[in-house]
Amino acid sequence: MEQELEIKSIKSMKDTPTLEDLPGVGASTVEKLSAAGFGDLMAVAVATPGEIVDATGMTEAVAKKAIHAAREMLDMGFSSGIDVYEKRKNVLHITTGSKELDKLLNGGVETTGITETYGQYGSGKSQIGHVLAVRAQLPPEKGGLGGQVVYIDTESTFRPERIVEIATSLKMDPEEALRNIKIARAYNSDHQMLLAEKVEDLIKKDGLNIKLVIVDSLTSHFRAEYVGRGTLAGRQQKLNKHMHILSKLADMYNLCVYVTNQVMSKPDQFFGDPTEAIGGHIVGHNSQTRIYLRKGKKGTRVAKLVDSPYLPDGECGFMITVGGIEDI
Ligand code: GTP
Ligand code: MG
């Protein structure tokens, strides 16, 4: 018996189909698919029938049908320039406290995409994370998004005392500011990836108004776990998947994702520039806005915008202060 499949177009995350919506796919098959690495519709949509058969034991005909349905559901079509233009109008910003930096970013750190800072030890990447975690909570008229924050901390560098300092200087209730930040310590790269996937539950199931997701640092676990050339492809693949999940969150929930990234610590003749970010093209392509941070004169910091699709390249200076970050 053929079952008619109702295919809804994806307009909001609420009616987003999942693997279980595929014909011939129940809970146990979803489990098998996920275990074999086909954890979402996109993975099924781009799989071959043979791969799905191997993963689940279903017949080839059913596998083909599932792949076809996944492709339909994903709405893998084109949008018009107008649609993209309209969508860009919904982009919101979190201001940083530095007018110059906000100007460089055309209003602040923007929703719908990933903003990455990379730079050496002490260049201010985590400090900007703390500042954004507080400022995201400000009402829009004060340059925030009136939202809550997820802080995925991979290096135990989250400092609640710093949140208290920044919130106090913004005349916010520091306890409230801390309460609005959900902190998760990621113990390894798999855990980090899982935490990113769980953010959606916080929004959908727990009803939190998450407007900023921070991953500090994006690459440290991946870098530590995948050493040597043999495993580099595997690392890049996982990093790509992780960033896809973050991008999707940013896009679907109109929120900001802020990630930090290290640079190669020593000059390496094979990889060239000592200020090159970790993660290579994968991280570069997935980050909509990339900022290179370095220490400037007299304790200042310099932010340089790199390869933005919308904004002209440029740089500005700022200072890290008790209250957060400020113009020089
Ligand atoms: P890694 O994570 O080690 O790669 O570095 P990072 O880029 O994350 O550096 P981070 O953002 O932690 O910057 C640390 C620096 O911020 C310190 O060396 C201080 O110079 C500065 N800093 C931190 N807290 C304060 C503060 O309360 N006041 C001032 N003026 N500076 C601060
Ligand atoms: Mg840091």
# chains A, B, ... in the order shown; residues from 1 in each chain; ligands from 1

$ select_by_dssp --residues "region 52-272 of chain A" --states "strand (DSSP E)" --output "mmCIF file with N, CA, C and O atoms, in the first residue's frame"
data_model
loop_
_atom_site.group_PDB
_atom_site.id
_atom_site.type_symbol
_atom_site.label_atom_id
_atom_site.label_comp_id
_atom_site.auth_asym_id
_atom_site.auth_seq_id
_atom_site.Cartn_x
_atom_site.Cartn_y
_atom_site.Cartn_z
ATOM 1 N N HIS A 93 21.374 43.242 15.074
ATOM 2 C CA HIS A 93 22.758 43.353 15.526
ATOM 3 C C HIS A 93 22.879 43.463 17.040
ATOM 4 O O HIS A 93 22.033 44.060 17.686
ATOM 5 N N ILE A 94 23.952 42.903 17.553
ATOM 6 C CA ILE A 94 24.331 43.150 18.948
ATOM 7 C C ILE A 94 25.500 44.127 18.909
ATOM 8 O O ILE A 94 26.521 43.852 18.266
ATOM 9 N N VAL A 109 27.534 42.779 15.774
ATOM 10 C CA VAL A 109 27.572 41.351 15.395
ATOM 11 C C VAL A 109 26.178 40.969 14.920
ATOM 12 O O VAL A 109 25.191 41.199 15.607
ATOM 13 N N GLU A 110 26.080 40.400 13.726
ATOM 14 C CA GLU A 110 24.755 40.233 13.135
ATOM 15 C C GLU A 110 24.169 38.838 13.292
ATOM 16 O O GLU A 110 24.888 37.848 13.419
ATOM 17 N N ILE A 114 27.422 33.229 11.210
ATOM 18 C CA ILE A 114 28.477 33.003 12.203
ATOM 19 C C ILE A 114 29.491 34.143 12.116
ATOM 20 O O ILE A 114 29.956 34.489 11.034
ATOM 21 N N THR A 115 29.822 34.726 13.263
ATOM 22 C CA THR A 115 30.904 35.702 13.345
ATOM 23 C C THR A 115 32.065 35.049 14.063
ATOM 24 O O THR A 115 31.894 34.503 15.155
ATOM 25 N N GLU A 116 33.218 35.081 13.439
ATOM 26 C CA GLU A 116 34.395 34.420 13.996
ATOM 27 C C GLU A 116 35.467 35.455 14.308
ATOM 28 O O GLU A 116 35.733 36.334 13.493
ATOM 29 N N THR A 117 36.062 35.351 15.489
ATOM 30 C CA THR A 117 37.296 36.105 15.708
ATOM 31 C C THR A 117 38.431 35.103 15.789
ATOM 32 O O THR A 117 38.281 34.023 16.353
ATOM 33 N N TYR A 118 39.543 35.447 15.195
ATOM 34 C CA TYR A 118 40.728 34.611 15.365
ATOM 35 C C TYR A 118 41.918 35.504 15.660
ATOM 36 O O TYR A 118 41.965 36.659 15.257
ATOM 37 N N GLY A 119 42.840 34.964 16.419
ATOM 38 C CA GLY A 119 43.988 35.758 16.810
ATOM 39 C C GLY A 119 44.747 35.046 17.904
ATOM 40 O O GLY A 119 44.292 34.030 18.439
ATOM 41 N N GLN A 148 18.409 35.658 25.447
ATOM 42 C CA GLN A 148 19.269 34.843 26.300
ATOM 43 C C GLN A 148 20.434 34.276 25.493
ATOM 44 O O GLN A 148 20.447 34.371 24.261
ATOM 45 N N VAL A 149 21.364 33.688 26.222
ATOM 46 C CA VAL A 149 22.650 33.356 25.609
ATOM 47 C C VAL A 149 23.067 31.929 25.950
ATOM 48 O O VAL A 149 22.860 31.475 27.078
ATOM 49 N N VAL A 150 23.631 31.247 24.984
ATOM 50 C CA VAL A 150 24.262 29.947 25.251
ATOM 51 C C VAL A 150 25.765 30.123 25.104
ATOM 52 O O VAL A 150 26.228 30.705 24.120
ATOM 53 N N TYR A 151 26.505 29.667 26.110
ATOM 54 C CA TYR A 151 27.974 29.796 26.067
ATOM 55 C C TYR A 151 28.572 28.403 26.123
ATOM 56 O O TYR A 151 28.548 27.745 27.164
ATOM 57 N N ILE A 152 29.063 27.914 24.996
ATOM 58 C CA ILE A 152 29.729 26.611 24.961
ATOM 59 C C ILE A 152 31.216 26.865 25.175
ATOM 60 O O ILE A 152 31.881 27.515 24.375
ATOM 61 N N ASP A 153 31.680 26.385 26.327
ATOM 62 C CA ASP A 153 33.019 26.723 26.804
ATOM 63 C C ASP A 153 33.905 25.479 26.680
ATOM 64 O O ASP A 153 33.672 24.476 27.331
ATOM 65 N N ILE A 181 22.502 33.475 30.968
ATOM 66 C CA ILE A 181 23.542 32.805 30.174
ATOM 67 C C ILE A 181 23.572 31.329 30.560
ATOM 68 O O ILE A 181 23.773 30.987 31.731
ATOM 69 N N LYS A 182 23.349 30.471 29.591
ATOM 70 C CA LYS A 182 23.381 29.021 29.849
ATOM 71 C C LYS A 182 24.766 28.530 29.430
ATOM 72 O O LYS A 182 25.111 28.572 28.249
ATOM 73 N N ILE A 183 25.510 28.092 30.424
ATOM 74 C CA ILE A 183 26.895 27.701 30.142
ATOM 75 C C ILE A 183 27.014 26.191 30.079
ATOM 76 O O ILE A 183 26.475 25.483 30.926
ATOM 77 N N ALA A 184 27.703 25.711 29.078
ATOM 78 C CA ALA A 184 27.976 24.282 28.991
ATOM 79 C C ALA A 184 29.453 24.090 28.702
ATOM 80 O O ALA A 184 30.008 24.725 27.809
ATOM 81 N N ARG A 185 30.064 23.245 29.510
ATOM 82 C CA ARG A 185 31.471 22.940 29.301
ATOM 83 C C ARG A 185 31.534 21.751 28.343
ATOM 84 O O ARG A 185 30.940 20.705 28.610
ATOM 85 N N ILE A 210 16.748 32.373 22.883
ATOM 86 C CA ILE A 210 18.198 32.425 22.671
ATOM 87 C C ILE A 210 18.507 33.331 21.474
ATOM 88 O O ILE A 210 17.999 33.114 20.374
ATOM 89 N N LYS A 211 19.317 34.346 21.711
ATOM 90 C CA LYS A 211 19.663 35.263 20.623
ATOM 91 C C LYS A 211 21.156 35.264 20.309
ATOM 92 O O LYS A 211 21.598 35.928 19.363
ATOM 93 N N LEU A 212 21.902 34.540 21.127
ATOM 94 C CA LEU A 212 23.348 34.462 20.884
ATOM 95 C C LEU A 212 23.869 33.104 21.339
ATOM 96 O O LEU A 212 23.564 32.659 22.445
ATOM 97 N N VAL A 213 24.621 32.465 20.461
ATOM 98 C CA VAL A 213 25.299 31.212 20.813
ATOM 99 C C VAL A 213 26.794 31.452 20.649
ATOM 100 O O VAL A 213 27.249 31.877 19.583
ATOM 101 N N ILE A 214 27.530 31.197 21.719
ATOM 102 C CA ILE A 214 28.981 31.411 21.689
ATOM 103 C C ILE A 214 29.675 30.053 21.753
ATOM 104 O O ILE A 214 29.296 29.200 22.560
ATOM 105 N N VAL A 215 30.647 29.851 20.905
ATOM 106 C CA VAL A 215 31.504 28.662 21.036
ATOM 107 C C VAL A 215 32.937 29.153 21.199
ATOM 108 O O VAL A 215 33.539 29.683 20.261
ATOM 109 N N ASP A 216 33.459 28.999 22.409
ATOM 110 C CA ASP A 216 34.788 29.527 22.758
ATOM 111 C C ASP A 216 35.612 28.393 23.365
ATOM 112 O O ASP A 216 35.400 28.026 24.500
ATOM 113 N N CYS A 256 22.496 35.275 16.659
ATOM 114 C CA CYS A 256 23.929 35.446 16.385
ATOM 115 C C CYS A 256 24.693 34.217 16.858
ATOM 116 O O CYS A 256 24.399 33.679 17.926
ATOM 117 N N VAL A 257 25.657 33.815 16.087
ATOM 118 C CA VAL A 257 26.605 32.796 16.550
ATOM 119 C C VAL A 257 27.983 33.457 16.548
ATOM 120 O O VAL A 257 28.405 34.026 15.539
ATOM 121 N N TYR A 258 28.632 33.403 17.711
ATOM 122 C CA TYR A 258 29.978 33.977 17.822
ATOM 123 C C TYR A 258 30.951 32.861 18.173
ATOM 124 O O TYR A 258 30.765 32.169 19.178
ATOM 125 N N VAL A 259 31.950 32.648 17.335
ATOM 126 C CA VAL A 259 32.944 31.604 17.615
ATOM 127 C C VAL A 259 34.341 32.211 17.657
ATOM 128 O O VAL A 259 34.621 33.203 16.988
ATOM 129 N N THR A 260 35.193 31.611 18.472
ATOM 130 C CA THR A 260 36.579 32.069 18.528
ATOM 131 C C THR A 260 37.480 30.986 17.945
ATOM 132 O O THR A 260 37.136 29.809 17.940
ATOM 133 N N ASN A 261 38.600 31.417 17.446
ATOM 134 C CA ASN A 261 39.487 30.501 16.747
ATOM 135 C C ASN A 261 40.938 30.926 16.981
ATOM 136 O O ASN A 261 41.225 32.114 17.064
#

$ residues_near_ligand --ligand "ligand 2" --cutoff "12 Å" --atoms "only C-alpha atoms and all ligand atoms" --output "VMD selection string"
chain A and resid 117 to 130 153 to 159 214 to 220 259 to 263 293

$ residues_around --residues "region 58-62 of chain A" --least-positions-apart "6" --cutoff "9 Å" --atoms "only C-alpha atoms" --output "mmCIF file with N, CA, C and O atoms, in the first residue's frame"
data_model
loop_
_atom_site.group_PDB
_atom_site.id
_atom_site.type_symbol
_atom_site.label_atom_id
_atom_site.label_comp_id
_atom_site.auth_asym_id
_atom_site.auth_seq_id
_atom_site.Cartn_x
_atom_site.Cartn_y
_atom_site.Cartn_z
ATOM 1 N N PRO A 23 8.874 8.653 4.371
ATOM 2 C CA PRO A 23 8.062 7.444 4.205
ATOM 3 C C PRO A 23 8.907 6.206 4.506
ATOM 4 O O PRO A 23 10.072 6.129 4.110
ATOM 5 N N GLY A 24 8.336 5.276 5.229
ATOM 6 C CA GLY A 24 9.019 4.021 5.529
ATOM 7 C C GLY A 24 10.066 4.152 6.616
ATOM 8 O O GLY A 24 10.839 3.225 6.852
ATOM 9 N N VAL A 25 10.090 5.281 7.296
ATOM 10 C CA VAL A 25 11.098 5.492 8.335
ATOM 11 C C VAL A 25 10.427 5.697 9.693
ATOM 12 O O VAL A 25 9.690 6.655 9.889
ATOM 13 N N THR A 29 14.404 3.009 12.677
ATOM 14 C CA THR A 29 15.199 3.311 11.476
ATOM 15 C C THR A 29 15.952 4.633 11.651
ATOM 16 O O THR A 29 17.095 4.771 11.213
ATOM 17 N N PRO A 49 21.153 5.295 -2.521
ATOM 18 C CA PRO A 49 20.255 4.274 -1.982
ATOM 19 C C PRO A 49 21.038 3.142 -1.300
ATOM 20 O O PRO A 49 20.644 2.669 -0.233
ATOM 21 N N GLY A 50 22.162 2.757 -1.896
ATOM 22 C CA GLY A 50 22.979 1.678 -1.327
ATOM 23 C C GLY A 50 23.432 1.980 0.096
ATOM 24 O O GLY A 50 23.406 1.113 0.977
ATOM 25 N N ILE A 52 21.949 3.914 2.260
ATOM 26 C CA ILE A 52 20.798 3.860 3.171
ATOM 27 C C ILE A 52 20.404 2.410 3.432
ATOM 28 O O ILE A 52 20.065 2.030 4.564
#

$ select_by_dssp --residues "region 4-250 of chain A" --states "alpha helix (DSSP H)" --output "count of residues only"
119

$ residues_around --residues "Asp307 (chain A)" --least-positions-apart "6" --cutoff "12 Å" --atoms "only C-alpha atoms" --output "PyMOL selection string"
chain A and resi 115-116+281+284-292+313-314

$ write_last_selection --atoms "all heavy atoms" --output "CSV table (one decimal), in the first residue's frame"
chain,number,residue,atom,x,y,z
A,115,THR,N,29.8,34.7,13.3
A,115,THR,CA,30.9,35.7,13.3
A,115,THR,C,32.1,35.0,14.1
A,115,THR,O,31.9,34.5,15.2
A,115,THR,CB,30.4,37.0,14.1
A,115,THR,OG1,29.4,37.6,13.4
A,115,THR,CG2,31.6,38.0,14.2
A,116,GLU,N,33.2,35.1,13.4
A,116,GLU,CA,34.4,34.4,14.0
A,116,GLU,C,35.5,35.5,14.3
A,116,GLU,O,35.7,36.3,13.5
A,116,GLU,CB,34.9,33.4,12.9
A,116,GLU,CG,36.3,32.8,13.3
A,116,GLU,CD,37.0,32.3,12.0
A,116,GLU,OE1,36.5,32.3,10.9
A,116,GLU,OE2,38.2,31.8,12.2
A,281,HIS,N,40.0,26.4,5.1
A,281,HIS,CA,38.8,26.8,4.3
A,281,HIS,C,37.5,26.5,4.9
A,281,HIS,O,36.5,27.2,4.8
A,281,HIS,CB,38.9,26.2,2.9
A,281,HIS,CG,40.1,26.7,2.2
A,281,HIS,ND1,40.4,28.1,2.0
A,281,HIS,CD2,41.1,26.0,1.5
A,281,HIS,CE1,41.5,28.2,1.3
A,281,HIS,NE2,42.0,27.0,1.0
A,284,GLY,N,36.7,29.2,7.3
A,284,GLY,CA,36.5,30.4,6.6
A,284,GLY,C,35.2,30.5,5.8
A,284,GLY,O,34.6,31.5,5.8
A,285,HIS,N,34.9,29.4,5.2
A,285,HIS,CA,33.7,29.5,4.3
A,285,HIS,C,32.4,29.5,5.2
A,285,HIS,O,31.4,30.1,4.7
A,285,HIS,CB,33.6,28.2,3.4
A,285,HIS,CG,34.6,28.4,2.2
A,285,HIS,ND1,34.6,29.5,1.5
A,285,HIS,CD2,35.5,27.5,1.7
A,285,HIS,CE1,35.5,29.3,0.5
A,285,HIS,NE2,36.1,28.1,0.7
A,286,ASN,N,32.5,28.9,6.3
A,286,ASN,CA,31.2,28.8,7.1
A,286,ASN,C,31.0,30.1,8.0
A,286,ASN,O,30.0,30.3,8.5
A,286,ASN,CB,31.3,27.6,8.0
A,286,ASN,CG,30.9,26.3,7.3
A,286,ASN,OD1,29.9,26.2,6.7
A,286,ASN,ND2,31.9,25.4,7.3
A,287,SER,N,32.1,30.8,8.2
A,287,SER,CA,32.0,32.1,8.9
A,287,SER,C,31.6,33.2,8.0
A,287,SER,O,32.3,33.5,7.1
A,287,SER,CB,33.3,32.4,9.6
A,287,SER,OG,33.7,31.5,10.5
A,288,GLN,N,30.5,33.8,8.3
A,288,GLN,CA,30.0,34.9,7.4
A,288,GLN,C,30.8,36.1,7.6
A,288,GLN,O,31.1,36.9,6.7
A,288,GLN,CB,28.5,35.2,7.8
A,288,GLN,CG,27.8,36.1,6.8
A,288,GLN,CD,26.4,35.8,7.0
A,288,GLN,OE1,25.8,34.8,6.8
A,288,GLN,NE2,25.7,36.9,7.3
A,289,THR,N,31.2,36.4,8.9
A,289,THR,CA,32.1,37.5,9.2
A,289,THR,C,33.3,37.0,10.0
A,289,THR,O,33.2,36.3,11.0
A,289,THR,CB,31.3,38.5,10.1
A,289,THR,OG1,30.0,38.8,9.5
A,289,THR,CG2,32.1,39.8,10.3
A,290,ARG,N,34.5,37.4,9.5
A,290,ARG,CA,35.7,37.0,10.1
A,290,ARG,C,36.5,38.2,10.6
A,290,ARG,O,36.6,39.1,9.8
A,290,ARG,CB,36.6,36.2,9.2
A,290,ARG,CG,36.1,35.0,8.5
A,290,ARG,CD,37.1,34.2,7.8
A,290,ARG,NE,37.7,33.2,8.8
A,290,ARG,CZ,38.7,32.4,8.5
A,290,ARG,NH1,39.3,32.5,7.4
A,290,ARG,NH2,39.0,31.5,9.4
A,291,ILE,N,36.9,38.2,11.8
A,291,ILE,CA,37.6,39.3,12.4
A,291,ILE,C,39.0,38.8,12.9
A,291,ILE,O,39.0,37.9,13.7
A,291,ILE,CB,36.9,40.0,13.5
A,291,ILE,CG1,35.5,40.4,13.1
A,291,ILE,CG2,37.7,41.2,14.1
A,291,ILE,CD1,34.5,40.6,14.2
A,292,TYR,N,40.0,39.4,12.4
A,292,TYR,CA,41.4,39.0,12.9
A,292,TYR,C,41.7,40.0,14.0
A,292,TYR,O,41.7,41.2,13.8
A,292,TYR,CB,42.4,39.1,11.7
A,292,TYR,CG,43.8,38.9,12.2
A,292,TYR,CD1,44.2,37.8,13.0
A,292,TYR,CD2,44.8,39.8,11.8
A,292,TYR,CE1,45.5,37.7,13.4
A,292,TYR,CE2,46.1,39.7,12.3
A,292,TYR,CZ,46.4,38.6,13.1
A,292,TYR,OH,47.7,38.5,13.5
A,313,ASP,N,36.5,45.5,3.5
A,313,ASP,CA,37.5,45.2,4.4
A,313,ASP,C,38.0,46.5,5.1
A,313,ASP,O,37.8,47.6,4.6
A,313,ASP,CB,38.8,44.6,3.7
A,313,ASP,CG,38.5,43.2,3.3
A,313,ASP,OD1,37.4,42.7,3.6
A,313,ASP,OD2,39.4,42.6,2.7
A,314,GLY,N,38.4,46.4,6.3
A,314,GLY,CA,38.9,47.6,7.1
A,314,GLY,C,39.3,47.1,8.4
A,314,GLY,O,39.2,46.0,8.8

$ residues_around --residues "Asn106 (chain A)" --least-positions-apart "5" --cutoff "12 Å" --atoms "only C-alpha atoms" --output "ChimeraX atom specification"
/A:91-96,99-101,289,305,308,310-314

$ write_last_selection --atoms "N, CA and C atoms" --output "CSV table (one decimal), in the first residue's frame"
chain,number,residue,atom,x,y,z
A,91,VAL,N,17.9,41.1,9.4
A,91,VAL,CA,19.1,40.9,10.2
A,91,VAL,C,19.2,41.9,11.3
A,92,LEU,N,19.5,41.4,12.5
A,92,LEU,CA,19.6,42.3,13.7
A,92,LEU,C,21.0,42.3,14.2
A,93,HIS,N,21.4,43.2,15.1
A,93,HIS,CA,22.8,43.4,15.5
A,93,HIS,C,22.9,43.5,17.0
A,94,ILE,N,24.0,42.9,17.6
A,94,ILE,CA,24.3,43.2,18.9
A,94,ILE,C,25.5,44.1,18.9
A,95,THR,N,25.3,45.3,19.6
A,95,THR,CA,26.4,46.2,19.6
A,95,THR,C,27.5,45.8,20.5
A,96,THR,N,28.7,46.2,20.3
A,96,THR,CA,29.9,45.7,21.1
A,96,THR,C,30.3,46.6,22.2
A,99,LYS,N,32.1,52.0,19.2
A,99,LYS,CA,31.4,52.5,18.1
A,99,LYS,C,32.2,52.2,16.8
A,100,GLU,N,33.5,52.2,16.9
A,100,GLU,CA,34.3,52.0,15.8
A,100,GLU,C,34.2,50.5,15.3
A,101,LEU,N,34.2,49.6,16.2
A,101,LEU,CA,34.0,48.2,15.9
A,101,LEU,C,32.6,47.9,15.3
A,289,THR,N,31.2,36.4,8.9
A,289,THR,CA,32.1,37.5,9.2
A,289,THR,C,33.3,37.0,10.0
A,305,LEU,N,38.6,43.3,9.6
A,305,LEU,CA,37.6,42.5,9.0
A,305,LEU,C,38.2,41.8,7.8
A,308,SER,N,34.6,39.7,4.2
A,308,SER,CA,33.2,39.7,4.4
A,308,SER,C,32.4,39.7,3.1
A,310,TYR,N,29.5,41.0,2.7
A,310,TYR,CA,28.7,42.2,2.5
A,310,TYR,C,29.4,43.5,2.8
A,311,LEU,N,30.5,43.4,3.6
A,311,LEU,CA,31.2,44.6,4.1
A,311,LEU,C,32.5,44.8,3.5
A,312,PRO,N,32.9,46.1,3.4
A,312,PRO,CA,34.3,46.4,2.9
A,312,PRO,C,35.3,46.0,3.9
A,313,ASP,N,36.5,45.5,3.5
A,313,ASP,CA,37.5,45.2,4.4
A,313,ASP,C,38.0,46.5,5.1
A,314,GLY,N,38.4,46.4,6.3
A,314,GLY,CA,38.9,47.6,7.1
A,314,GLY,C,39.3,47.1,8.4

$ atom_distance --atom1 "CA of Gly296 (chain A)" --atom2 "CA of Ile278 (chain A)"
21.7 Å

$ closest_residue --among "A:Glu86, A:Glu141, A:Glu161, A:Asp75" --to "ligand 1" --atoms "only C-alpha atoms and all ligand atoms"
A:Glu161

$ residues_around --residues "Gly299 (chain A)" --least-positions-apart "2" --cutoff "9 Å" --atoms "only C-alpha atoms" --output "VMD selection string"
chain A and resid 295 to 297 301 319 to 320

$ residues_around --residues "Gln137 (chain A)" --least-positions-apart "4" --cutoff "9 Å" --atoms "only C-alpha atoms" --output "CSV table (one decimal) with N, CA and C atoms, in the first residue's frame"
chain,number,residue,atom,x,y,z
A,132,LEU,N,29.6,40.3,24.5
A,132,LEU,CA,28.4,40.0,23.8
A,132,LEU,C,27.4,39.3,24.6
A,133,ALA,N,27.9,38.4,25.5
A,133,ALA,CA,26.9,37.6,26.3
A,133,ALA,C,26.1,38.5,27.2
A,144,GLY,N,20.9,45.9,22.1
A,144,GLY,CA,21.0,44.4,22.3
A,144,GLY,C,19.8,43.7,21.5
A,145,LEU,N,19.6,42.5,21.9
A,145,LEU,CA,18.5,41.8,21.2
A,145,LEU,C,17.5,41.3,22.3
A,146,GLY,N,17.6,41.7,23.5
A,146,GLY,CA,16.7,41.3,24.6
A,146,GLY,C,16.6,39.8,24.7
A,147,GLY,N,17.7,39.1,24.5
A,147,GLY,CA,17.6,37.7,24.5
A,147,GLY,C,18.5,37.0,25.5
A,148,GLN,N,18.4,35.7,25.4
A,148,GLN,CA,19.3,34.8,26.3
A,148,GLN,C,20.4,34.3,25.5
A,149,VAL,N,21.4,33.7,26.2
A,149,VAL,CA,22.7,33.4,25.6
A,149,VAL,C,23.1,31.9,25.9
A,177,ALA,N,21.8,38.9,34.7
A,177,ALA,CA,22.6,38.7,33.5
A,177,ALA,C,23.2,37.3,33.5
A,180,ASN,N,20.7,34.6,32.7
A,180,ASN,CA,20.3,34.5,31.2
A,180,ASN,C,21.4,33.9,30.3
A,211,LYS,N,19.3,34.3,21.7
A,211,LYS,CA,19.7,35.3,20.6
A,211,LYS,C,21.2,35.3,20.3

$ atom_distance --atom1 "CA of Lys142 (chain A)" --atom2 "CA of Arg88 (chain A)"
21.3 Å

$ closest_residue --among "A:Arg162, A:Lys103, A:His244, A:Arg135" --to "ligand 1" --atoms "only C-alpha atoms and all ligand atoms"
A:Arg162

$ atom_distance --atom1 "CA of Thr56 (chain A)" --atom2 "CA of Leu33 (chain A)"
6.4 Å
